[in-house]
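data_0.cif follows; it contains mmCIF, C-alpha atoms.
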```cif
data_data
#
loop_
_atom_site.label_atom_id
_atom_site.label_comp_id
_atom_site.auth_asym_id
_atom_site.auth_seq_id
_atom_site.Cartn_x
_atom_site.Cartn_y
_atom_site.Cartn_z
CA MET A 1 -151.53 84.87 -102.95
CA SER A 2 -155.06 85.73 -104.07
CA LEU A 3 -158.23 85.07 -102.15
CA PRO A 4 -161.80 84.78 -103.44
CA ALA A 5 -163.23 88.14 -104.40
CA ARG A 6 -165.93 89.76 -102.31
CA HIS A 7 -167.92 92.86 -102.98
CA ARG A 8 -165.56 95.83 -102.87
CA ARG A 9 -166.37 98.55 -100.44
CA THR A 10 -165.12 102.11 -100.24
CA LEU A 11 -163.12 102.72 -97.08
CA VAL A 12 -162.58 106.13 -95.55
CA VAL A 13 -159.00 107.15 -94.85
CA LEU A 14 -158.70 108.60 -91.33
CA LEU A 15 -156.05 110.78 -89.75
CA LEU A 16 -154.10 109.13 -86.92
CA GLY A 17 -154.62 111.40 -83.92
CA THR A 18 -154.05 115.07 -83.40
CA GLY A 19 -150.26 114.91 -83.34
CA LEU A 20 -149.83 113.33 -86.79
CA LEU A 21 -151.64 115.79 -89.02
CA LEU A 22 -150.40 116.82 -92.45
CA ASN A 23 -147.23 118.86 -92.22
CA GLY A 24 -144.58 119.96 -94.61
CA CYS A 25 -141.47 119.21 -92.56
CA GLY A 26 -140.96 115.61 -93.67
CA LEU A 27 -137.91 114.11 -95.28
CA GLU A 28 -137.94 114.57 -99.03
CA SER A 29 -135.88 113.09 -101.82
CA SER A 30 -133.05 115.24 -103.14
CA ALA A 31 -134.91 115.66 -106.42
CA THR A 32 -138.55 115.46 -107.32
CA PRO A 33 -139.15 112.71 -109.90
CA ALA A 34 -140.03 114.09 -113.32
CA ASP A 35 -143.75 114.09 -113.95
CA ASP A 36 -143.28 112.37 -117.31
CA GLY A 37 -140.79 109.74 -116.09
CA PRO A 38 -141.32 106.49 -114.21
CA ILE A 39 -140.83 106.43 -110.45
CA THR A 40 -138.87 103.50 -109.02
CA LEU A 41 -140.06 102.32 -105.62
CA GLY A 42 -138.39 99.83 -103.33
CA PHE A 43 -140.47 97.67 -101.01
CA VAL A 44 -138.80 96.03 -98.01
CA ASN A 45 -141.27 93.47 -96.67
CA GLY A 46 -141.00 92.18 -93.11
CA GLY A 47 -142.01 88.53 -93.41
CA SER A 48 -144.05 85.88 -95.18
CA ALA A 49 -147.30 85.70 -93.19
CA GLU A 50 -150.54 86.20 -95.09
CA PHE A 51 -150.57 89.90 -94.21
CA HIS A 52 -147.12 90.37 -95.74
CA THR A 53 -148.08 88.39 -98.86
CA CYS A 54 -151.30 90.36 -99.40
CA LEU A 55 -149.56 93.67 -98.67
CA GLU A 56 -146.86 92.94 -101.25
CA GLU A 57 -149.43 91.91 -103.84
CA SER A 58 -151.41 95.09 -103.25
CA ILE A 59 -148.28 97.24 -103.51
CA ALA A 60 -147.25 95.49 -106.73
CA ASN A 61 -150.69 95.89 -108.30
CA THR A 62 -150.95 99.54 -107.34
CA ALA A 63 -147.43 100.35 -108.52
CA LYS A 64 -148.20 98.78 -111.89
CA SER A 65 -151.46 100.70 -112.27
CA ASN A 66 -149.58 103.93 -111.49
CA PHE A 67 -146.80 103.16 -114.01
CA ALA A 68 -144.18 102.92 -111.28
CA LYS A 69 -141.31 100.44 -111.27
CA LEU A 70 -141.06 98.26 -108.15
CA VAL A 71 -138.20 96.34 -106.55
CA THR A 72 -139.11 94.02 -103.65
CA VAL A 73 -137.06 92.22 -101.00
CA ASN A 74 -137.95 90.39 -97.79
CA SER A 75 -136.36 90.71 -94.35
CA HIS A 76 -137.86 87.45 -92.96
CA GLN A 77 -138.35 88.94 -89.47
CA ASP A 78 -134.59 89.66 -89.21
CA ALA A 79 -133.58 93.22 -88.26
CA ALA A 80 -130.04 92.80 -89.62
CA GLN A 81 -131.43 91.60 -92.95
CA GLU A 82 -133.79 94.60 -93.01
CA LEU A 83 -130.87 97.03 -92.77
CA ALA A 84 -129.04 95.08 -95.49
CA ASN A 85 -132.16 95.37 -97.65
CA ILE A 86 -132.24 99.13 -97.10
CA GLN A 87 -128.61 99.32 -98.21
CA ASP A 88 -129.49 97.27 -101.29
CA MET A 89 -132.30 99.68 -102.18
CA ILE A 90 -129.91 102.62 -101.79
CA ALA A 91 -127.49 100.92 -104.19
CA ARG A 92 -130.33 100.52 -106.68
CA HIS A 93 -131.00 104.30 -106.51
CA VAL A 94 -134.73 103.95 -105.96
CA ASP A 95 -136.77 107.14 -105.54
CA ALA A 96 -138.33 106.02 -102.24
CA ILE A 97 -138.37 102.94 -100.02
CA ILE A 98 -141.61 101.54 -98.60
CA VAL A 99 -140.85 99.55 -95.43
CA GLN A 100 -142.89 97.02 -93.46
CA THR A 101 -140.44 96.91 -90.56
CA VAL A 102 -139.67 93.92 -88.38
CA ASN A 103 -138.42 95.98 -85.45
CA THR A 104 -139.13 99.58 -84.51
CA THR A 105 -135.72 99.90 -82.83
CA ALA A 106 -133.90 98.71 -85.95
CA LEU A 107 -136.02 101.11 -88.00
CA LYS A 108 -134.03 104.04 -86.59
CA SER A 109 -130.91 102.73 -88.32
CA ASP A 110 -132.87 102.16 -91.54
CA ILE A 111 -134.12 105.75 -91.57
CA ALA A 112 -130.68 107.15 -90.80
CA LYS A 113 -129.01 105.07 -93.52
CA ALA A 114 -131.56 106.04 -96.17
CA GLY A 115 -131.55 109.65 -95.04
CA SER A 116 -127.79 109.91 -95.52
CA ALA A 117 -128.36 108.78 -99.11
CA HIS A 118 -131.20 111.31 -99.56
CA ILE A 119 -133.72 108.54 -100.23
CA PRO A 120 -136.98 108.94 -98.28
CA ILE A 121 -138.68 106.13 -96.39
CA PHE A 122 -142.43 105.53 -96.34
CA LEU A 123 -143.69 103.21 -93.60
CA THR A 124 -146.56 100.74 -93.46
CA SER A 125 -148.33 99.57 -90.28
CA VAL A 126 -146.27 101.74 -87.93
CA SER A 127 -145.03 105.32 -87.97
CA ALA A 128 -142.02 107.31 -86.77
CA ASP A 129 -141.15 110.95 -86.21
CA PRO A 130 -142.94 112.61 -89.16
CA SER A 131 -139.92 114.87 -89.73
CA ASP A 132 -137.75 111.81 -90.43
CA ILE A 133 -139.93 110.05 -93.01
CA LEU A 134 -141.72 110.78 -96.26
CA GLY A 135 -144.98 109.46 -94.80
CA ALA A 136 -146.78 106.40 -93.48
CA VAL A 137 -149.94 104.35 -93.69
CA VAL A 138 -150.49 103.07 -90.21
CA VAL A 139 -152.69 100.59 -88.45
CA ASP A 140 -153.53 101.81 -84.96
CA LEU A 141 -152.45 98.52 -83.46
CA LYS A 142 -153.20 99.55 -79.89
CA ALA A 143 -156.76 100.33 -80.94
CA VAL A 144 -156.98 97.01 -82.80
CA GLY A 145 -155.96 95.11 -79.68
CA LYS A 146 -158.41 97.08 -77.58
CA LEU A 147 -161.30 96.16 -79.89
CA ASP A 148 -160.68 92.47 -79.19
CA ALA A 149 -160.27 93.20 -75.47
CA ASP A 150 -163.56 95.08 -75.42
CA TRP A 151 -165.31 92.12 -77.03
CA ILE A 152 -163.98 89.76 -74.35
CA GLY A 153 -165.04 92.20 -71.64
CA ASP A 154 -168.56 92.36 -73.02
CA ASP A 155 -168.76 88.60 -73.52
CA ALA A 156 -167.45 87.81 -70.02
CA ALA A 157 -170.11 90.13 -68.57
CA GLY A 158 -168.32 90.57 -65.25
CA ARG A 159 -167.37 86.90 -64.74
CA GLU A 160 -163.85 86.06 -63.56
CA VAL A 161 -162.22 84.58 -66.67
CA GLN A 162 -158.77 83.56 -67.93
CA VAL A 163 -157.18 84.59 -71.23
CA GLY A 164 -154.01 83.43 -72.94
CA VAL A 165 -152.04 85.55 -75.41
CA ILE A 166 -150.24 84.10 -78.43
CA ALA A 167 -148.17 87.03 -79.65
CA GLY A 168 -146.26 87.53 -82.89
CA ALA A 169 -142.64 88.65 -83.21
CA PRO A 170 -141.34 90.78 -80.33
CA GLY A 171 -140.13 94.29 -81.08
CA ALA A 172 -142.59 95.79 -83.55
CA ALA A 173 -146.26 95.42 -84.47
CA SER A 174 -146.97 92.56 -82.07
CA ASP A 175 -145.86 94.55 -79.02
CA LEU A 176 -148.22 97.41 -79.86
CA LEU A 177 -151.07 95.01 -80.59
CA VAL A 178 -150.66 92.97 -77.40
CA GLY A 179 -150.13 96.11 -75.37
CA GLY A 180 -153.39 97.60 -76.56
CA PHE A 181 -155.17 94.34 -75.85
CA ALA A 182 -153.81 93.93 -72.32
CA LYS A 183 -154.52 97.55 -71.41
CA GLY A 184 -158.09 97.26 -72.68
CA LEU A 185 -159.05 94.26 -70.55
CA PRO A 186 -161.34 94.80 -67.54
CA ALA A 187 -160.23 93.74 -64.05
CA ASN A 188 -162.25 90.51 -64.15
CA VAL A 189 -160.22 89.19 -67.11
CA LYS A 190 -156.83 87.78 -66.08
CA VAL A 191 -154.01 87.13 -68.55
CA VAL A 192 -152.55 83.79 -67.39
CA ALA A 193 -150.11 83.20 -70.28
CA ASN A 194 -148.35 85.37 -72.86
CA GLN A 195 -145.92 83.83 -75.33
CA PRO A 196 -144.66 84.82 -78.81
CA ALA A 197 -145.01 82.52 -81.82
CA MET A 198 -143.31 84.78 -84.40
CA PHE A 199 -146.44 84.95 -86.61
CA VAL A 200 -145.74 81.34 -87.62
CA ALA A 201 -148.62 78.84 -87.52
CA ALA A 202 -146.45 75.85 -86.61
CA LYS A 203 -144.98 77.71 -83.63
CA ALA A 204 -148.43 78.92 -82.58
CA LYS A 205 -149.63 75.32 -82.47
CA ILE A 206 -146.82 74.40 -80.09
CA VAL A 207 -147.49 77.44 -77.91
CA ALA A 208 -151.21 76.68 -77.80
CA GLU A 209 -150.57 73.04 -76.86
CA GLY A 210 -148.46 74.11 -73.91
CA MET A 211 -150.87 76.85 -72.93
CA ILE A 212 -153.96 74.66 -72.70
CA LYS A 213 -152.00 71.98 -70.85
CA ALA A 214 -150.85 74.52 -68.25
CA HIS A 215 -154.23 76.26 -68.08
CA PRO A 216 -157.00 73.72 -68.77
CA ASP A 217 -159.63 76.22 -67.57
CA LEU A 218 -158.64 78.82 -70.19
CA ASP A 219 -161.69 80.77 -71.38
CA TYR A 220 -160.29 82.97 -74.17
CA ALA A 221 -157.22 83.25 -76.37
CA PHE A 222 -156.00 86.41 -78.08
CA VAL A 223 -153.91 85.45 -81.13
CA ALA A 224 -151.90 88.09 -83.01
CA ASN A 225 -152.92 86.95 -86.49
CA GLU A 226 -155.38 84.56 -88.09
CA GLU A 227 -152.85 82.09 -89.47
CA MET A 228 -151.67 81.42 -85.93
CA ALA A 229 -155.27 81.45 -84.70
CA PHE A 230 -156.20 78.53 -86.96
CA ALA A 231 -153.25 76.54 -85.62
CA ALA A 232 -154.22 77.42 -82.06
CA ARG A 233 -157.80 76.32 -82.70
CA THR A 234 -156.57 72.92 -83.87
CA ALA A 235 -154.32 72.55 -80.81
CA PHE A 236 -156.99 73.62 -78.33
CA ASP A 237 -159.60 71.28 -79.82
CA ALA A 238 -157.22 68.31 -79.80
CA ALA A 239 -156.44 68.91 -76.11
CA GLY A 240 -160.05 69.23 -74.96
CA GLY A 241 -160.12 73.03 -75.13
CA LYS A 242 -163.03 73.43 -77.53
CA LYS A 243 -164.66 75.91 -75.15
CA VAL A 244 -161.77 78.39 -75.56
CA LYS A 245 -163.03 81.40 -77.52
CA ILE A 246 -160.46 82.82 -79.93
CA VAL A 247 -160.21 86.51 -80.81
CA THR A 248 -157.71 87.53 -83.45
CA VAL A 249 -156.72 90.06 -86.11
CA ASN A 250 -156.83 90.61 -89.91
CA GLY A 251 -160.23 89.84 -91.48
CA THR A 252 -159.27 87.33 -94.19
CA ASP A 253 -161.90 85.33 -96.09
CA GLU A 254 -160.92 82.16 -94.23
CA ALA A 255 -161.37 83.91 -90.89
CA LEU A 256 -164.81 85.19 -91.86
CA ALA A 257 -165.81 81.59 -92.56
CA ALA A 258 -164.39 80.60 -89.15
CA LEU A 259 -166.50 83.29 -87.49
CA LYS A 260 -169.61 81.94 -89.14
CA ASP A 261 -169.00 78.34 -88.05
CA GLY A 262 -167.87 79.23 -84.54
CA ARG A 263 -164.15 78.43 -84.70
CA PHE A 264 -163.37 82.09 -84.00
CA ALA A 265 -165.37 84.46 -81.81
CA ALA A 266 -164.13 87.79 -83.19
CA THR A 267 -161.48 89.35 -85.40
CA VAL A 268 -160.51 92.90 -86.27
CA SER A 269 -160.45 93.85 -89.94
CA ASN A 270 -157.45 95.90 -91.07
CA SER A 271 -157.18 95.39 -94.81
CA ALA A 272 -153.73 94.66 -96.24
CA LYS A 273 -155.16 95.54 -99.64
CA ASP A 274 -156.06 99.06 -98.54
CA THR A 275 -152.77 99.54 -96.71
CA GLY A 276 -150.80 98.63 -99.83
CA GLU A 277 -152.86 100.85 -102.12
CA LEU A 278 -152.50 103.85 -99.82
CA ALA A 279 -148.78 103.24 -99.39
CA VAL A 280 -148.08 103.44 -103.12
CA THR A 281 -150.45 106.25 -104.07
CA ASN A 282 -149.42 108.40 -101.11
CA THR A 283 -145.72 107.77 -101.70
CA ILE A 284 -146.03 108.87 -105.32
CA SER A 285 -148.09 111.92 -104.41
CA LEU A 286 -145.64 112.99 -101.68
CA LEU A 287 -142.68 112.53 -104.02
CA ARG A 288 -144.44 114.79 -106.50
CA LYS A 289 -145.20 117.25 -103.69
CA GLU A 290 -148.92 116.86 -104.17
CA LYS A 291 -151.31 117.55 -101.31
CA VAL A 292 -152.03 114.31 -99.44
CA GLU A 293 -152.03 113.10 -95.84
CA LYS A 294 -148.50 112.56 -94.60
CA ILE A 295 -149.72 110.04 -92.03
CA ALA A 296 -152.83 108.12 -93.11
CA ALA A 297 -154.56 105.24 -91.33
CA THR A 298 -156.03 101.94 -92.44
CA PRO A 299 -159.49 101.71 -90.82
CA ALA A 300 -159.97 98.96 -88.22
CA ARG A 301 -163.31 97.33 -87.45
CA LEU A 302 -164.44 94.57 -85.08
CA ILE A 303 -165.92 91.66 -87.03
CA THR A 304 -168.09 88.93 -85.53
CA ARG A 305 -170.47 86.35 -86.92
CA ALA A 306 -173.20 89.02 -86.94
CA ASN A 307 -171.45 91.37 -89.39
CA ALA A 308 -169.04 89.06 -91.21
CA ASP A 309 -170.85 89.54 -94.53
CA THR A 310 -170.02 93.26 -94.52
CA ALA A 311 -166.28 92.98 -93.81
CA PRO A 312 -163.91 94.74 -96.27
CA LEU A 313 -161.76 92.84 -98.77
CA TYR A 314 -158.49 91.86 -97.07
CA CYS A 315 -156.29 90.67 -99.93
CA PRO A 316 -156.30 91.66 -103.62
CA SER A 317 -158.45 89.33 -105.67
CA ASP A 318 -157.57 87.87 -109.06
CA GLY A 319 -157.26 90.56 -111.65
CA SER A 320 -157.32 93.48 -109.19
#
```
Encoding of this model in structure tokens:
Amino acid sequence: MSLPARHRRTLVVLLLGTGLLLNGCGLESSATPADDGPITLGFVNGGSAEFHTCLEESIANTAKSNFAKLVTVNSHQDAAQELANIQDMIARHVDAIIVQTVNTTALKSDIAKAGSAHIPIFLTSVSADPSDILGAVVVDLKAVGKLDADWIGDDAAGREVQVGVIAGAPGAASDLLVGGFAKGLPANVKVVANQPAMFVAAKAKIVAEGMIKAHPDLDYAFVANEEMAFAARTAFDAAGGKKVKIVTVNGTDEALAALKDGRFAATVSNSAKDTGELAVTNTISLLRKEKVEKIAATPARLITRANADTAPLYCPSDGS
């Protein structure tokens, strides 16, 4: 899915903390791909939310521009399907597998299965023991959640307020995101509800309807992605909860428009486009044993109405 193009901006790739610096002990493929031959990459996507769609489009575009072959499959938020997809990629004899995992616990089995076949795994969004993987492009999800929490803390200005959490799918990215958010809240902000909606807008609408009914004095809602946030906004408004301020995550064009007209209060930009580009270029470089960060990070930035015009491009645009 392509979104309207905005002015492209150069983003700086950061290292993720002191413990995840470049090192040479990572899992490598049994043979380095020939420099003059095409690399075949497998991409195991985790779901079908806008992030997943934009990530896959970015990976496909970048693979094509780097003359790499790409095979894609989708796990649809099912850990058992993810492992089956890993096994399928092994059978296809790909040179490396890029994985947007649905469950960090299940990921251990994925890594072990691929490792036994001498096919390295490169992760997006989350990381693992650097010695077990080829590399990763991560989003510091705890830091992302904390950025939204900090905004609520500043906006509440010491007042006793209530916040509801509409989480994504338990077991992977959502847990880290919600954990960072909850830990970052000041004492005057009380979480009165926390329920998963599996990153699905229709489920988020149902959760939001129940949440505002149970907590009519709700002041804020933290929603784990913008697709769910739009559904929550509709539900809150229909139930008399127009005063609820929504903070969310991603930084899509639609969300920037919602910031400007007041439907959302804040979001955190973490570009799927940049994550996909880094995943492919770093995977290829690491396969070729070129010097590149083993663990790289997609920059995250708090976006509000005040700075919405300077937000980075979230999804690849037509022709990119």
For the structure shown, which residues end up in the PyMOL selection byres ((chain A and resi 124) around 9)? Put them as a CSV table (one decimal) with C-alpha atoms, in the coordinates of the input, please?
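And here is the file that came out, part.csv:
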```csv
chain,number,residue,atom,x,y,z
A,98,ILE,CA,-141.6,101.5,-98.6
A,99,VAL,CA,-140.8,99.6,-95.4
A,100,GLN,CA,-142.9,97.0,-93.5
A,101,THR,CA,-140.4,96.9,-90.6
A,122,PHE,CA,-142.4,105.5,-96.3
A,123,LEU,CA,-143.7,103.2,-93.6
A,125,SER,CA,-148.3,99.6,-90.3
A,126,VAL,CA,-146.3,101.7,-87.9
A,127,SER,CA,-145.0,105.3,-88.0
A,135,GLY,CA,-145.0,109.5,-94.8
A,136,ALA,CA,-146.8,106.4,-93.5
A,137,VAL,CA,-149.9,104.4,-93.7
A,138,VAL,CA,-150.5,103.1,-90.2
A,139,VAL,CA,-152.7,100.6,-88.4
A,275,THR,CA,-152.8,99.5,-96.7
A,276,GLY,CA,-150.8,98.6,-99.8
A,279,ALA,CA,-148.8,103.2,-99.4
```
**Study point:** Residue IDs satisfying the PyMOL selection byres ((chain A and resi 85) around 8), as a ChimeraX atom specification
**Key:** /A:44,73-75,81-84,86-89
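Among the candidates A:Val192, A:Leu313, A:Ala63, A:Leu185, the one nearest to Asp148 (chain A) when counting only C-alpha atoms is A:Leu185.
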Practice item. Find the residue from A:Leu256, A:Ala128, A:Leu286, A:Leu302 that sits nearest to Lys146 (chain A); use all atoms listed in the file when measuring. Key: A:Leu302
Hey, which bits of region 95-192 of chain A sit within 10 Å of region 266-269 of chain A, and for each residue what's the closest pair of atoms and how far apart in Å (one decimal), counting only C-alpha atoms, rows by chain and increasing number, as CSV?
```
residue,atom,partner,partner_atom,distance
A:Ala143,CA,A:Val268,CA,9.9
A:Val144,CA,A:Val268,CA,6.4
A:Gly145,CA,A:Val268,CA,8.3
A:Lys146,CA,A:Val268,CA,9.9
A:Leu147,CA,A:Val268,CA,7.2
A:Asp148,CA,A:Thr267,CA,7.0
A:Trp151,CA,A:Ala266,CA,7.6
A:Ile152,CA,A:Ala266,CA,9.1
```
Exercise for review: State, in Å with one decimal place, the distance from CA of Leu177 (chain A) to CA of Ala106 (chain A).
Suggested key: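 Straight-line distance from CA of Leu177 (chain A) to CA of Ala106 (chain A) works out to 18.4 Å.
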Point to revise | Picked residues, the PyMOL selection byres ((chain A and resi 304-309) around 10), as an MDAnalysis selection string | key: chainID A and resid 6:7 151 247 251 253 255:262 264:269 301:303 310:312
Exercise for review: Please provide the set of residues having any atom within 7 Å of region 51-55 of chain A, restricted to all atoms listed in the file, with same-chain residues fewer than 3 positions apart removed, written as an MDAnalysis selection string.
Suggested key: chainID A and resid 1 45:48 58:59 272:273 275:276 315:316
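You can rank A:Ala172, A:Asn66, A:Val71, A:Thr40 by their closest distance to Thr105 (chain A) using only C-alpha atoms, and at the top of that list sits A:Ala172.
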Exercise for review: Have a look at CA of Met198 (chain A) and CA of Ala149 (chain A) and let me know their distance in Å, one decimal.
Suggested key: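 According to the coordinates, CA of Met198 (chain A) and CA of Ala149 (chain A) are separated by 20.9 Å.
Each of A:Asn225, A:Thr72, A:Asn103, A:Gln162 was checked against Lys245 (chain A) using all atoms listed in the file; the smallest atom-to-atom distance is that of A:Gln162.
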Point to revise | Residue neighbourhood Pro120 (chain A), 12 Å, all atoms listed in the file, exclusion window fewer than 6 positions, as an MDAnalysis selection string | key: chainID A and resid 26:32 41:42 86 89:90 93:99 110:114 130:136 283:284 286:287
Resulting file, chosen residues, C-alpha atoms, as a PDB file, in the frame of the given file:
```pdb
ATOM      1  CA  GLY A  26    -140.960 115.610 -93.670  1.00  0.00           C
ATOM      2  CA  LEU A  27    -137.910 114.110 -95.280  1.00  0.00           C
ATOM      3  CA  GLU A  28    -137.940 114.570 -99.030  1.00  0.00           C
ATOM      4  CA  SER A  29    -135.880 113.090-101.820  1.00  0.00           C
ATOM      5  CA  SER A  30    -133.050 115.240-103.140  1.00  0.00           C
ATOM      6  CA  ALA A  31    -134.910 115.660-106.420  1.00  0.00           C
ATOM      7  CA  THR A  32    -138.550 115.460-107.320  1.00  0.00           C
ATOM      8  CA  LEU A  41    -140.060 102.320-105.620  1.00  0.00           C
ATOM      9  CA  GLY A  42    -138.390  99.830-103.330  1.00  0.00           C
ATOM     10  CA  ILE A  86    -132.240  99.130 -97.100  1.00  0.00           C
ATOM     11  CA  MET A  89    -132.300  99.680-102.180  1.00  0.00           C
ATOM     12  CA  ILE A  90    -129.910 102.620-101.790  1.00  0.00           C
ATOM     13  CA  HIS A  93    -131.000 104.300-106.510  1.00  0.00           C
ATOM     14  CA  VAL A  94    -134.730 103.950-105.960  1.00  0.00           C
ATOM     15  CA  ASP A  95    -136.770 107.140-105.540  1.00  0.00           C
ATOM     16  CA  ALA A  96    -138.330 106.020-102.240  1.00  0.00           C
ATOM     17  CA  ILE A  97    -138.370 102.940-100.020  1.00  0.00           C
ATOM     18  CA  ILE A  98    -141.610 101.540 -98.600  1.00  0.00           C
ATOM     19  CA  VAL A  99    -140.850  99.550 -95.430  1.00  0.00           C
ATOM     20  CA  ASP A 110    -132.870 102.160 -91.540  1.00  0.00           C
ATOM     21  CA  ILE A 111    -134.120 105.750 -91.570  1.00  0.00           C
ATOM     22  CA  ALA A 112    -130.680 107.150 -90.800  1.00  0.00           C
ATOM     23  CA  LYS A 113    -129.010 105.070 -93.520  1.00  0.00           C
ATOM     24  CA  ALA A 114    -131.560 106.040 -96.170  1.00  0.00           C
ATOM     25  CA  PRO A 130    -142.940 112.610 -89.160  1.00  0.00           C
ATOM     26  CA  SER A 131    -139.920 114.870 -89.730  1.00  0.00           C
ATOM     27  CA  ASP A 132    -137.750 111.810 -90.430  1.00  0.00           C
ATOM     28  CA  ILE A 133    -139.930 110.050 -93.010  1.00  0.00           C
ATOM     29  CA  LEU A 134    -141.720 110.780 -96.260  1.00  0.00           C
ATOM     30  CA  GLY A 135    -144.980 109.460 -94.800  1.00  0.00           C
ATOM     31  CA  ALA A 136    -146.780 106.400 -93.480  1.00  0.00           C
ATOM     32  CA  THR A 283    -145.720 107.770-101.700  1.00  0.00           C
ATOM     33  CA  ILE A 284    -146.030 108.870-105.320  1.00  0.00           C
ATOM     34  CA  LEU A 286    -145.640 112.990-101.680  1.00  0.00           C
ATOM     35  CA  LEU A 287    -142.680 112.530-104.020  1.00  0.00           C
TER      36      LEU A 287
END
```
Check your understanding: Could you state the separation of CA of Lys142 (chain A) and CA of Asp237 (chain A) in Å, given to one decimal place?
Key ->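 Going from CA of Lys142 (chain A) over to CA of Asp237 (chain A) covers 29.0 Å.
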Edge lengths and centre in Å to one decimal, as AutoDock Vina command-line options, is what I'm after for the box along x, y and z that holds all listed atoms of region 285-297 of chain A once 4 Å is added on each side.
```
--center_x -148.6 --center_y 111.4 --center_z -98.9 --size_x 19.9 --size_y 20.3 --size_z 23.2
```
Practice item. Please provide the set of residues having any atom within 8 Å of Ile206 (chain A), restricted to all atoms listed in the file, with same-chain residues fewer than 4 positions apart removed, written as a ChimeraX atom specification. Key: /A:202,210,235
